[in-house]
Amino acid sequence: MTLPTSPEGFRSGFACFVGRPNAGKSTLTNALVGRKVAITSSRPQTTRHAIRGIVHREDAQIVLVDTPGLHRPRTLLGSRLNDVVRETWAEVDVVGFCVPANEKVGRGDRFIAEELRKVAAHTPVIAVVTKTDLAPPEQVAERLAEVSGLMDFTEVVPTSAQSGFQVSLLADLLVAQLPEGPQLYPDGDLTDEPEETLVAELIREAALEGVRDELPHSIAVTVEETIEKTNLLEIHAIVWVERSSQKGIVIGRGGARLKQVGSDARRQIERLLGTKVYLDLHVKIAENWQRDPKQLRKLGF
């Protein structure tokens with residue numbers, strides 16, 4: 001596909017948000033893109049892929065890479081997620097370090113700042129204080145001061161993806177750090193993630209809602225088959241867990257939870273794809289898949 005000619009002074013490049021789990025990276029990515037391309041959840045470590053969201057402007061194109069939360073890993077999956085983060089840092093033009101306004105700066109934030117100091121020598125790092133809608137002004141001011149003391153940032157900006165506060169300013173700050181160059185993706189493209197990956201992620205997001213704290217990291221989803229029919233897309237998918245007790249939690253009493261998961265996911269998938277969807281879900285066990293290299297490969301990690 002031929003890309004349109006970009007005007008003089010047009011900027012394009014890659015930016016990524018990093019931060020500890022549940023710092024608001026995915027919600028911020030969706031707010032900047034203007035549409036949902038990354039799944040969100042109140043559960044930590046929801047994001048497992050470096051999802052690209054594309055921001056189109058008259059003067060620039062920002063390719064946002066939403067990464068998993070950097071953390072001290074306890075499983076092989078955790079180590080691989082951290083590898084995804086560090087590989088992404090090495091390839092982008094600017095990094096946004098997300099710290100939530102409603103939580104004190106902690107060891108996890110300091111750990112990431114320590115890692116980012118190695119990057120800052122050759123890549124600009126912008127501190128983004130997120131979730132300002134959840135904190136009173138004095139708490140936001142306290143957080144800005146704490147964050148500013150972590151390292152020497154190119155910029156420090158408070159934002160709220162929920163209310164839209166200073167989201168456009170953040171976009172301006174990111175664009176200012178991009179090199180001049182032509183647009184990288186055609187107009188209208190919002191992500192380069194395969195549809196199958198986005199569908200699997202939306203199902204996993206629905207499955208994460210309302211489950212016990214220990215379960216989210218044990219859930220994976222694979223799309224086994226999609227069948228195009230007249231005015232309908234038939235999707236067959238498997239929700240994977242690690243133990244039979246977890247299977248019972250996902251299915252629920254009389255299958256009620258799984259039915260709710262299917263209903264919630266189907267609505268999101270229809271919104272994403274713009275077509276009616278029939279969603280067939282099954283729950284299967286892959287014992288200790290987070291620690292098994294063979295199982296991780298099978299499940300796409």
# chains A, B, ... in the order shown; residues from 1 in each chain; ligands from 1

$ select_by_dssp --residues "range 65-207 of chain A" --states "helix (DSSP H, G or I)" --output "PyMOL selection string"
chain A and resi 76-89+107-120+132-134+137-148+167-176+195-207

$ closest_atom_pairs --of "range 143-206 of chain A" --to "range 17-37 of chain A" --cutoff "8 Å" --atoms "only C-alpha atoms" --output "CSV"
residue,atom,partner,partner_atom,distance
A:Ser160,CA,A:Leu28,CA,7.9
A:Ala161,CA,A:Leu28,CA,5.1
A:Gln162,CA,A:Ala31,CA,7.8
A:Gly164,CA,A:Ala31,CA,7.5
A:Val167,CA,A:Leu32,CA,6.8
A:Ser168,CA,A:Leu32,CA,7.6
A:Ala171,CA,A:Leu32,CA,7.2
A:Leu190,CA,A:Val33,CA,6.9
A:Thr191,CA,A:Val37,CA,6.7
A:Leu198,CA,A:Val37,CA,7.5

$ closest_residue --among "A:Val157, A:Leu174, A:Ala135, A:Leu272" --to "Val63 in chain A" --atoms "only C-alpha atoms"
A:Leu174

$ atom_distance --atom1 "CA of Glu205 in chain A" --atom2 "CA of Phe165 in chain A"
25.4 Å

$ closest_residue --among "A:Thr222, A:Ala207, A:Ala127, A:Phe14" --to "Gly149 in chain A" --atoms "only C-alpha atoms"
A:Ala127

$ closest_residue --among "A:Tyr278, A:Trp289, A:Trp89, A:Phe10" --to "Val241 in chain A" --atoms "only C-alpha atoms"
A:Trp289

$ atom_distance --atom1 "CA of Asp264 in chain A" --atom2 "CA of Val65 in chain A"
25.6 Å

$ residues_around --residues "Val94 in chain A" --least-positions-apart "5" --cutoff "10 Å" --atoms "only C-alpha atoms" --output "PyMOL selection string"
chain A and resi 13-17+64+89+119-120+122-126+154+173-178

$ write_last_selection --atoms "N, CA, C and O atoms" --output "PDB file, in the first residue's frame"
ATOM      1  N   GLY A  13       7.621   8.310  14.453  1.00  0.00           N
ATOM      2  CA  GLY A  13       8.530   7.450  15.192  1.00  0.00           C
ATOM      3  C   GLY A  13       7.801   6.665  16.266  1.00  0.00           C
ATOM      4  O   GLY A  13       6.566   6.655  16.336  1.00  0.00           O
ATOM      5  N   PHE A  14       8.592   6.023  17.111  1.00  0.00           N
ATOM      6  CA  PHE A  14       8.062   5.090  18.100  1.00  0.00           C
ATOM      7  C   PHE A  14       8.232   5.628  19.519  1.00  0.00           C
ATOM      8  O   PHE A  14       9.268   6.185  19.863  1.00  0.00           O
ATOM      9  N   ALA A  15       7.183   5.441  20.314  1.00  0.00           N
ATOM     10  CA  ALA A  15       7.219   5.815  21.726  1.00  0.00           C
ATOM     11  C   ALA A  15       6.688   4.637  22.532  1.00  0.00           C
ATOM     12  O   ALA A  15       5.867   3.867  22.033  1.00  0.00           O
ATOM     13  N   CYS A  16       7.175   4.484  23.757  1.00  0.00           N
ATOM     14  CA  CYS A  16       6.597   3.429  24.592  1.00  0.00           C
ATOM     15  C   CYS A  16       6.374   3.937  25.996  1.00  0.00           C
ATOM     16  O   CYS A  16       7.076   4.830  26.479  1.00  0.00           O
ATOM     17  N   PHE A  17       5.346   3.386  26.634  1.00  0.00           N
ATOM     18  CA  PHE A  17       5.073   3.668  28.041  1.00  0.00           C
ATOM     19  C   PHE A  17       5.580   2.501  28.873  1.00  0.00           C
ATOM     20  O   PHE A  17       5.332   1.337  28.538  1.00  0.00           O
ATOM     21  N   LEU A  64       2.715   4.053  19.247  1.00  0.00           N
ATOM     22  CA  LEU A  64       2.836   3.792  20.687  1.00  0.00           C
ATOM     23  C   LEU A  64       2.980   2.298  20.935  1.00  0.00           C
ATOM     24  O   LEU A  64       2.182   1.505  20.440  1.00  0.00           O
ATOM     25  N   TRP A  89      12.425  -0.891  24.803  1.00  0.00           N
ATOM     26  CA  TRP A  89      13.160   0.327  25.151  1.00  0.00           C
ATOM     27  C   TRP A  89      14.285   0.599  24.166  1.00  0.00           C
ATOM     28  O   TRP A  89      14.573   1.743  23.835  1.00  0.00           O
ATOM     29  N   VAL A 119      19.091   3.911  29.788  1.00  0.00           N
ATOM     30  CA  VAL A 119      18.482   4.255  28.492  1.00  0.00           C
ATOM     31  C   VAL A 119      18.594   5.750  28.212  1.00  0.00           C
ATOM     32  O   VAL A 119      18.780   6.180  27.072  1.00  0.00           O
ATOM     33  N   ALA A 120      18.496   6.564  29.286  1.00  0.00           N
ATOM     34  CA  ALA A 120      18.382   8.023  29.147  1.00  0.00           C
ATOM     35  C   ALA A 120      19.584   8.675  28.471  1.00  0.00           C
ATOM     36  O   ALA A 120      19.476   9.789  27.954  1.00  0.00           O
ATOM     37  N   HIS A 122      20.851   7.869  25.692  1.00  0.00           N
ATOM     38  CA  HIS A 122      20.639   7.955  24.230  1.00  0.00           C
ATOM     39  C   HIS A 122      19.163   8.078  23.831  1.00  0.00           C
ATOM     40  O   HIS A 122      18.856   8.303  22.657  1.00  0.00           O
ATOM     41  N   THR A 123      18.227   7.943  24.776  1.00  0.00           N
ATOM     42  CA  THR A 123      16.799   8.056  24.460  1.00  0.00           C
ATOM     43  C   THR A 123      16.132   8.966  25.491  1.00  0.00           C
ATOM     44  O   THR A 123      16.268   8.738  26.689  1.00  0.00           O
ATOM     45  N   PRO A 124      15.398  10.012  25.042  1.00  0.00           N
ATOM     46  CA  PRO A 124      14.712  10.895  25.999  1.00  0.00           C
ATOM     47  C   PRO A 124      13.653  10.141  26.794  1.00  0.00           C
ATOM     48  O   PRO A 124      12.941   9.290  26.243  1.00  0.00           O
ATOM     49  N   VAL A 125      13.560  10.438  28.090  1.00  0.00           N
ATOM     50  CA  VAL A 125      12.572   9.803  28.965  1.00  0.00           C
ATOM     51  C   VAL A 125      11.686  10.897  29.571  1.00  0.00           C
ATOM     52  O   VAL A 125      12.180  11.830  30.211  1.00  0.00           O
ATOM     53  N   ILE A 126      10.371  10.781  29.337  1.00  0.00           N
ATOM     54  CA  ILE A 126       9.388  11.717  29.877  1.00  0.00           C
ATOM     55  C   ILE A 126       8.673  11.048  31.044  1.00  0.00           C
ATOM     56  O   ILE A 126       8.185   9.922  30.920  1.00  0.00           O
ATOM     57  N   THR A 154      13.468  14.356  30.694  1.00  0.00           N
ATOM     58  CA  THR A 154      13.352  15.369  29.640  1.00  0.00           C
ATOM     59  C   THR A 154      12.173  16.292  29.927  1.00  0.00           C
ATOM     60  O   THR A 154      12.248  17.507  29.726  1.00  0.00           O
ATOM     61  N   LEU A 173       4.364  16.590  23.586  1.00  0.00           N
ATOM     62  CA  LEU A 173       5.694  16.357  24.156  1.00  0.00           C
ATOM     63  C   LEU A 173       6.364  15.137  23.520  1.00  0.00           C
ATOM     64  O   LEU A 173       7.572  15.134  23.285  1.00  0.00           O
ATOM     65  N   LEU A 174       5.566  14.107  23.247  1.00  0.00           N
ATOM     66  CA  LEU A 174       6.107  12.913  22.583  1.00  0.00           C
ATOM     67  C   LEU A 174       6.535  13.238  21.160  1.00  0.00           C
ATOM     68  O   LEU A 174       7.631  12.857  20.724  1.00  0.00           O
ATOM     69  N   VAL A 175       5.670  13.972  20.443  1.00  0.00           N
ATOM     70  CA  VAL A 175       5.972  14.334  19.046  1.00  0.00           C
ATOM     71  C   VAL A 175       7.268  15.140  18.957  1.00  0.00           C
ATOM     72  O   VAL A 175       8.081  14.942  18.045  1.00  0.00           O
ATOM     73  N   ALA A 176       7.485  16.033  19.915  1.00  0.00           N
ATOM     74  CA  ALA A 176       8.683  16.884  19.907  1.00  0.00           C
ATOM     75  C   ALA A 176       9.972  16.071  19.949  1.00  0.00           C
ATOM     76  O   ALA A 176      11.034  16.554  19.527  1.00  0.00           O
ATOM     77  N   GLN A 177       9.896  14.833  20.441  1.00  0.00           N
ATOM     78  CA  GLN A 177      11.099  13.995  20.548  1.00  0.00           C
ATOM     79  C   GLN A 177      11.274  13.045  19.356  1.00  0.00           C
ATOM     80  O   GLN A 177      12.270  12.320  19.283  1.00  0.00           O
ATOM     81  N   LEU A 178      10.317  13.061  18.429  1.00  0.00           N
ATOM     82  CA  LEU A 178      10.404  12.157  17.275  1.00  0.00           C
ATOM     83  C   LEU A 178      11.234  12.782  16.159  1.00  0.00           C
ATOM     84  O   LEU A 178      11.245  13.997  15.985  1.00  0.00           O
TER      85      LEU A 178
END

$ select_by_dssp --residues "range 225-295 of chain A" --states "strand (DSSP E)" --output "VMD selection string"
chain A and resid 225 to 229 232 to 241 277 to 285

$ atom_distance --atom1 "CA of Leu169 in chain A" --atom2 "CA of Glu87 in chain A"
27.0 Å

$ closest_residue --among "A:Leu208, A:Arg291, A:Ala237, A:Ser244" --to "Arg266 in chain A" --atoms "only C-alpha atoms"
A:Ala237

$ residues_around --residues "Leu279 in chain A" --least-positions-apart "2" --cutoff "9 Å" --atoms "only C-alpha atoms" --output "list in words"
Leu233, Glu234, Ile235, His236, Ala237, Gly262, Ser263, Ala265, Arg266, Val277 and Leu281 of chain A

$ write_last_selection --atoms "N, CA, C and O atoms" --output "JSON list (two decimals), in the first residue's frame"
[["chain", "number", "residue", "atom", "x", "y", "z"],
["A", 233, "LEU", "N", -19.33, -13.58, 12.03],
["A", 233, "LEU", "CA", -18.02, -14.19, 12.20],
["A", 233, "LEU", "C", -18.11, -15.16, 13.37],
["A", 233, "LEU", "O", -18.47, -14.78, 14.48],
["A", 234, "GLU", "N", -17.79, -16.43, 13.09],
["A", 234, "GLU", "CA", -17.84, -17.47, 14.12],
["A", 234, "GLU", "C", -16.42, -17.65, 14.68],
["A", 234, "GLU", "O", -15.49, -17.92, 13.94],
["A", 235, "ILE", "N", -16.27, -17.47, 15.99],
["A", 235, "ILE", "CA", -14.95, -17.57, 16.63],
["A", 235, "ILE", "C", -14.96, -18.67, 17.67],
["A", 235, "ILE", "O", -15.81, -18.69, 18.56],
["A", 236, "HIS", "N", -14.00, -19.60, 17.56],
["A", 236, "HIS", "CA", -13.85, -20.67, 18.53],
["A", 236, "HIS", "C", -12.55, -20.43, 19.29],
["A", 236, "HIS", "O", -11.47, -20.34, 18.69],
["A", 237, "ALA", "N", -12.64, -20.30, 20.61],
["A", 237, "ALA", "CA", -11.46, -19.96, 21.42],
["A", 237, "ALA", "C", -11.40, -20.81, 22.68],
["A", 237, "ALA", "O", -12.42, -21.33, 23.15],
["A", 262, "GLY", "N", -18.25, -14.70, 27.93],
["A", 262, "GLY", "CA", -18.53, -14.76, 26.50],
["A", 262, "GLY", "C", -19.35, -13.58, 26.02],
["A", 262, "GLY", "O", -19.08, -12.99, 24.98],
["A", 263, "SER", "N", -20.35, -13.20, 26.81],
["A", 263, "SER", "CA", -21.22, -12.08, 26.46],
["A", 263, "SER", "C", -20.44, -10.75, 26.45],
["A", 263, "SER", "O", -20.54, -9.96, 25.50],
["A", 265, "ALA", "N", -17.11, -10.34, 26.22],
["A", 265, "ALA", "CA", -16.08, -10.36, 25.18],
["A", 265, "ALA", "C", -16.70, -10.16, 23.80],
["A", 265, "ALA", "O", -16.15, -9.43, 22.96],
["A", 266, "ARG", "N", -17.84, -10.80, 23.55],
["A", 266, "ARG", "CA", -18.48, -10.69, 22.24],
["A", 266, "ARG", "C", -18.82, -9.25, 21.90],
["A", 266, "ARG", "O", -18.60, -8.79, 20.78],
["A", 277, "VAL", "N", -20.87, -11.30, 15.84],
["A", 277, "VAL", "CA", -19.95, -12.38, 16.22],
["A", 277, "VAL", "C", -20.70, -13.48, 16.98],
["A", 277, "VAL", "O", -21.51, -13.18, 17.86],
["A", 281, "LEU", "N", -16.70, -20.52, 23.51],
["A", 281, "LEU", "CA", -15.59, -20.59, 24.47],
["A", 281, "LEU", "C", -15.55, -21.93, 25.20],
["A", 281, "LEU", "O", -16.59, -22.45, 25.60]]

$ residues_around --residues "Lys284 in chain A" --least-positions-apart "2" --cutoff "7 Å" --atoms "only C-alpha atoms" --output "PyMOL selection string"
chain A and resi 238-241+282+286

$ write_last_selection --atoms "N, CA and C atoms" --output "compact mmCIF listing (two decimals), in the first residue's frame"
# COMPACT_ATOMS: atom_id res chain seq x y z
N ILE A 238 -10.16 -20.93 23.21
CA ILE A 238 -9.94 -21.69 24.45
C ILE A 238 -9.36 -20.77 25.51
N VAL A 239 -9.96 -20.81 26.69
CA VAL A 239 -9.41 -20.12 27.86
C VAL A 239 -8.60 -21.17 28.63
N TRP A 240 -7.28 -20.92 28.75
CA TRP A 240 -6.39 -21.87 29.42
C TRP A 240 -6.14 -21.46 30.87
N VAL A 241 -6.18 -22.43 31.77
CA VAL A 241 -5.82 -22.21 33.17
C VAL A 241 -4.82 -23.30 33.56
N HIS A 282 -14.33 -22.46 25.35
CA HIS A 282 -14.12 -23.65 26.17
C HIS A 282 -12.97 -23.38 27.13
N ALA A 286 -3.76 -26.39 31.21
CA ALA A 286 -2.37 -26.62 30.79
C ALA A 286 -1.53 -26.46 32.05

$ closest_residue --among "A:Lys104, A:Lys131, A:Arg117, A:Lys229" --to "Arg143 in chain A" --atoms "only C-alpha atoms"
A:Lys104
